[in-house]
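First comes the structure, then the notes that go with it.
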Amino acid sequence: MVSVKRTAARMLFGSRYNKVPWGQRVYVRPGERLMREAQWRLKLRSARVMSLEEYKATVPLGEIEEFLSCMMCGDSRQQPLFEPTGGRTWRYRVVRCPSCGFLYRNPNIRPERLGDLYANSYSSFLTGKYAANRQRRYQLTMDAFAPVFEHGEGRRLLDFGCGAGLFLELAEQRGFDAVGVDLSPDSVEQANARLTKARAYFGAPEDVPEIAAGGFDVITLWSVLAHLPRPLEDFERFRHLLAPEGVLLILTVNAGSLLLKAYESGWSGFTKNHLMFYSSATLPTLLGRTGFSGVAYAPHYGDTIEAGTSQLPGPLRARLRRAVENSDGGNMMRALAFADDEAISRWGQRLRVRRL
């Protein structure tokens, strides 16, 4: 199948785009966006929808797993779409809710066993190749929501899922009174060795009195949302922890991405520890149900494009930007959620805010 697709691509496009990275080709090759959208619609029409009981009868259940209904709308029906795999080390199934379109892993990880995914030197991943360009990505995202992050003096910030403290280091440099929490004890240890004023804690927000008291002006979730097994409960907690005029920043893989539609089970967003997959069509449901007043998005063109280090010729860079803006918003979703109307008034003036 892969060779057939490559042969078809060569016939359609020749060799002109061979030097364009795979993650950018779907945005710059003429007609590809329309082709991928048509491919996606065909997949949804042809994929079977079944009851949860039917689904359970065909899928094995792991020791730390449980079957779920849709977390966004409650529909128990299942539309199996993907089976991502990491060679011999991991494999899981991703289903779509036929009512609201939400994508999630099913069976999913039981919340009390979530720590099993991060117990074995997870920090070595966070500080290895993964970390090489992380701070650049943080900087670019902060720039996209510039009014919120220009000055941190006198403002409290919580980094939920802070890992090895790469963002907390930037937050303290910008003057925020910053704290973080994480489920990886070795990551927390590395974070505190890195930090000067900020502080990282092991556990959940309610385990740390300083954090449980709330009053945060900013909460950040950097590549964390896809890891949460009970998002409604977590976001109700986040809303409670925010101060008036508070905002919540989210960076996560985008389940509306053209790359998902192109590469299906091989999509880069399907990683070992990811549990749920959001798009701009499903995230507002989560935010609205948990008390937030609005959300704004910033397109993600890719780190090299935004940092000005891409080797793409100028016309192709411009074409990529147009394609991202006119389609999916990019392979990563960047969103800013507003706690209340006052937050929208203060921080949303330069943004296109969708009220919830």
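Residues in the structure tokens are numbered from 1 in each chain, the chains being A, B, ... in the order shown, and ligands are numbered from 1 in the order shown.
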Per residue of range 2-112 of chain A within 10 Å of range 286-298 of chain A, which atom pair is closest and at what distance in Å (one decimal), using only C-alpha atoms, listed by chain and increasing number, as a tab-separated table?
```
residue	atom	partner	partner_atom	distance
A:Met71	CA	A:Leu286	CA	8.6
A:Met72	CA	A:Leu286	CA	6.3
A:Cys73	CA	A:Leu286	CA	9.3
```
With C-alpha atoms retained, write the just-selected residues as a PDB file, in the first residue's frame.
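Listed below is the output, again.pdb:
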```pdb
ATOM      1  CA  MET A  71     -15.906  11.767  27.492  1.00  0.00           C
ATOM      2  CA  MET A  72     -17.250  14.762  25.588  1.00  0.00           C
ATOM      3  CA  CYS A  73     -20.881  13.831  24.879  1.00  0.00           C
TER       4      CYS A  73
END
```
DSSP helix (DSSP H, G or I) selection over range 238-345 of chain A, as JSON, numbers by chain = {"A": [238, 239, 240, 241, 258, 259, 260, 261, 262, 263, 264, 265, 266, 283, 284, 285, 286, 287, 288, 289, 303, 304, 305, 306, 307, 314, 315, 316, 317, 318, 319, 320, 321, 322, 323, 324, 325, 326, 341, 342, 343, 344, 345]}
File of the preceding selection, C-alpha atoms, as a PDB file, in the first residue's frame:
```pdb
ATOM      1  CA  PHE A 238      -8.148  24.006  36.567  1.00  0.00           C
ATOM      2  CA  ARG A 239     -11.115  26.374  36.419  1.00  0.00           C
ATOM      3  CA  HIS A 240     -11.287  26.374  40.226  1.00  0.00           C
ATOM      4  CA  LEU A 241      -7.553  27.079  40.518  1.00  0.00           C
ATOM      5  CA  LEU A 258      -4.160  17.007   7.662  1.00  0.00           C
ATOM      6  CA  LEU A 259      -1.219  14.865   8.715  1.00  0.00           C
ATOM      7  CA  LEU A 260      -3.544  12.563  10.658  1.00  0.00           C
ATOM      8  CA  LYS A 261      -5.790  12.283   7.616  1.00  0.00           C
ATOM      9  CA  ALA A 262      -2.772  11.560   5.417  1.00  0.00           C
ATOM     10  CA  TYR A 263      -0.808   9.136   7.602  1.00  0.00           C
ATOM     11  CA  GLU A 264      -3.664   7.631   9.657  1.00  0.00           C
ATOM     12  CA  SER A 265      -2.262   5.112  12.203  1.00  0.00           C
ATOM     13  CA  GLY A 266       1.255   6.374  11.429  1.00  0.00           C
ATOM     14  CA  LEU A 283     -12.014  21.221  22.626  1.00  0.00           C
ATOM     15  CA  PRO A 284     -14.810  23.836  23.067  1.00  0.00           C
ATOM     16  CA  THR A 285     -17.089  21.091  24.419  1.00  0.00           C
ATOM     17  CA  LEU A 286     -14.576  20.271  27.141  1.00  0.00           C
ATOM     18  CA  LEU A 287     -14.061  23.936  28.020  1.00  0.00           C
ATOM     19  CA  GLY A 288     -17.761  24.828  27.953  1.00  0.00           C
ATOM     20  CA  ARG A 289     -18.735  21.914  30.179  1.00  0.00           C
ATOM     21  CA  ASP A 303       8.656  25.531  14.516  1.00  0.00           C
ATOM     22  CA  THR A 304      11.140  26.043  11.688  1.00  0.00           C
ATOM     23  CA  ILE A 305       8.709  28.182   9.684  1.00  0.00           C
ATOM     24  CA  GLU A 306       7.905  30.406  12.669  1.00  0.00           C
ATOM     25  CA  ALA A 307      11.515  30.645  13.824  1.00  0.00           C
ATOM     26  CA  GLY A 314       9.657  31.645   0.093  1.00  0.00           C
ATOM     27  CA  PRO A 315       6.711  30.780  -2.201  1.00  0.00           C
ATOM     28  CA  LEU A 316       6.313  27.368  -0.554  1.00  0.00           C
ATOM     29  CA  ARG A 317       6.465  28.900   2.924  1.00  0.00           C
ATOM     30  CA  ALA A 318       3.687  31.295   1.932  1.00  0.00           C
ATOM     31  CA  ARG A 319       1.660  28.422   0.466  1.00  0.00           C
ATOM     32  CA  LEU A 320       2.087  26.402   3.659  1.00  0.00           C
ATOM     33  CA  ARG A 321       0.869  29.290   5.799  1.00  0.00           C
ATOM     34  CA  ARG A 322      -2.208  29.750   3.636  1.00  0.00           C
ATOM     35  CA  ALA A 323      -2.993  26.035   3.722  1.00  0.00           C
ATOM     36  CA  VAL A 324      -2.702  25.897   7.523  1.00  0.00           C
ATOM     37  CA  GLU A 325      -4.904  28.961   7.953  1.00  0.00           C
ATOM     38  CA  ASN A 326      -7.539  27.685   5.519  1.00  0.00           C
ATOM     39  CA  ASP A 341     -15.731  37.465  30.550  1.00  0.00           C
ATOM     40  CA  GLU A 342     -13.249  39.710  32.334  1.00  0.00           C
ATOM     41  CA  ALA A 343     -10.405  37.522  31.087  1.00  0.00           C
ATOM     42  CA  ILE A 344     -11.699  37.884  27.535  1.00  0.00           C
ATOM     43  CA  SER A 345     -11.877  41.663  27.921  1.00  0.00           C
TER      44      SER A 345
END
```
Using only C-alpha atoms, determine which residues lie at most 6 Å from Leu158 in chain A, disregarding the query and same-chain residues fewer than 4 positions distant; provide the list as a PDB file with N, CA, C and O atoms, in the first residue's frame.
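Written out: selection-v3.pdb:
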```
ATOM      1  N   ALA A 178       6.188  31.196  39.710  1.00  0.00           N
ATOM      2  CA  ALA A 178       5.823  29.971  39.004  1.00  0.00           C
ATOM      3  C   ALA A 178       6.049  28.724  39.838  1.00  0.00           C
ATOM      4  O   ALA A 178       7.052  28.596  40.549  1.00  0.00           O
ATOM      5  N   VAL A 179       5.101  27.791  39.715  1.00  0.00           N
ATOM      6  CA  VAL A 179       5.225  26.467  40.311  1.00  0.00           C
ATOM      7  C   VAL A 179       4.759  25.437  39.286  1.00  0.00           C
ATOM      8  O   VAL A 179       4.048  25.763  38.335  1.00  0.00           O
ATOM      9  N   GLY A 180       5.159  24.170  39.500  1.00  0.00           N
ATOM     10  CA  GLY A 180       4.736  23.113  38.600  1.00  0.00           C
ATOM     11  C   GLY A 180       4.486  21.824  39.348  1.00  0.00           C
ATOM     12  O   GLY A 180       4.959  21.642  40.476  1.00  0.00           O
ATOM     13  N   ILE A 219      -2.443  29.150  33.893  1.00  0.00           N
ATOM     14  CA  ILE A 219      -2.123  27.728  33.987  1.00  0.00           C
ATOM     15  C   ILE A 219      -1.705  27.275  32.595  1.00  0.00           C
ATOM     16  O   ILE A 219      -2.349  27.635  31.601  1.00  0.00           O
TER      17      ILE A 219
END
```
Could you find all residues in range 112-354 of chain A that DSSP calls strand (DSSP E) from the backbone, and write them as a ChimeraX atom specification?
-> /A:156-160,177-182,199-202,216-222,242-253,276-277,294-298,332-338,353-354
With a distance cut-off of 7 Å and only C-alpha atoms, select the neighbouring residues of range 242-249 of chain A, excluding the residue or stretch itself and same-chain residues fewer than 3 positions from it, and output the selection as a list of chain:residue names.
->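 The filter keeps A:Gly214, A:Gly215, A:Phe216, A:Asp217, A:Val218, A:Ile219, A:Thr220, A:Leu221, A:Phe238, A:Arg239, A:Ala335, A:Leu336, A:Ala337, A:Phe338, A:Ala339, A:Asp340, A:Glu342, A:Ala343.
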Once you have the residues from the selection above, write them out as an mmCIF file, in the first residue's frame, restricted to C-alpha atoms.
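Wrote it out as again.cif, contents follow:
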```cif
data_model
loop_
_atom_site.group_PDB
_atom_site.id
_atom_site.type_symbol
_atom_site.label_atom_id
_atom_site.label_comp_id
_atom_site.auth_asym_id
_atom_site.auth_seq_id
_atom_site.Cartn_x
_atom_site.Cartn_y
_atom_site.Cartn_z
ATOM 1 C CA GLY A 214 -5.566 28.399 43.746
ATOM 2 C CA GLY A 215 -5.459 32.016 42.676
ATOM 3 C CA PHE A 216 -3.363 31.434 39.541
ATOM 4 C CA ASP A 217 -3.360 34.019 36.792
ATOM 5 C CA VAL A 218 -2.050 31.514 34.227
ATOM 6 C CA ILE A 219 -2.123 27.728 33.987
ATOM 7 C CA THR A 220 -0.148 26.035 31.214
ATOM 8 C CA LEU A 221 -0.545 22.555 29.714
ATOM 9 C CA PHE A 238 -8.148 24.006 36.567
ATOM 10 C CA ARG A 239 -11.115 26.374 36.419
ATOM 11 C CA ALA A 335 -5.375 27.364 22.352
ATOM 12 C CA LEU A 336 -5.969 29.959 25.053
ATOM 13 C CA ALA A 337 -9.005 29.385 27.293
ATOM 14 C CA PHE A 338 -10.522 32.277 29.256
ATOM 15 C CA ALA A 339 -11.881 31.745 32.753
ATOM 16 C CA ASP A 340 -14.518 34.480 32.563
ATOM 17 C CA GLU A 342 -13.249 39.710 32.334
ATOM 18 C CA ALA A 343 -10.405 37.522 31.087
#
```
Find the residues around range 194-197 of chain A up to 12 Å (only C-alpha atoms counted), leave out those fewer than 5 positions away in its own chain, and share them as number ranges by chain.
-> A: 127, 162-180, 187-189
Work out how far CA of Glu206 in chain A is from CA of Gly152 in chain A, in Å to one decimal.
->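 One can read the CA of Gly152 in chain A to CA of Glu206 in chain A distance as 24.0 Å.
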For CA of Phe277 in chain A and CA of Ser184 in chain A, the interatomic separation in Å (one decimal) |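 Atom-to-atom, CA of Phe277 in chain A and CA of Ser184 in chain A are spaced 21.9 Å apart.
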Residue nearest Pro185 in chain A - candidates A:Arg25, A:Glu83, A:Leu351, A:Ala200, atoms counted: only C-alpha atoms | A:Ala200
Hey, which bits of range 257-312 of chain A sit within 9 Å of range 20-24 of chain A, and for each residue what's the closest pair of atoms and how far apart in Å (one decimal), counting only C-alpha atoms, rows by chain and increasing number, as CSV?
```
residue,atom,partner,partner_atom,distance
A:Leu259,CA,A:Gly23,CA,7.0
A:Gly302,CA,A:Gln24,CA,8.5
A:Gln311,CA,A:Val20,CA,8.6
A:Leu312,CA,A:Val20,CA,7.1
```
Can you work out the spacing between CA of Ala47 in chain A and CA of Phe102 in chain A in Å, to one decimal?
-> 14.8 Å
Excluding Glu53 in chain A and residues on its chain fewer than 5 positions from it, collect all residues at most 12 Å away from it, counting only C-alpha atoms, and give them as an MDAnalysis selection string.
-> chainID A and resid 58:59 67:69 76:78
Looking at A:Gly308, A:Pro229, A:Gly203, A:Gly154, which one is nearest to His274 in chain A, with distances taken over only C-alpha atoms?
->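 Going through A:Gly308, A:Pro229, A:Gly203, A:Gly154 one by one, the smallest distance to His274 in chain A is for A:Pro229.
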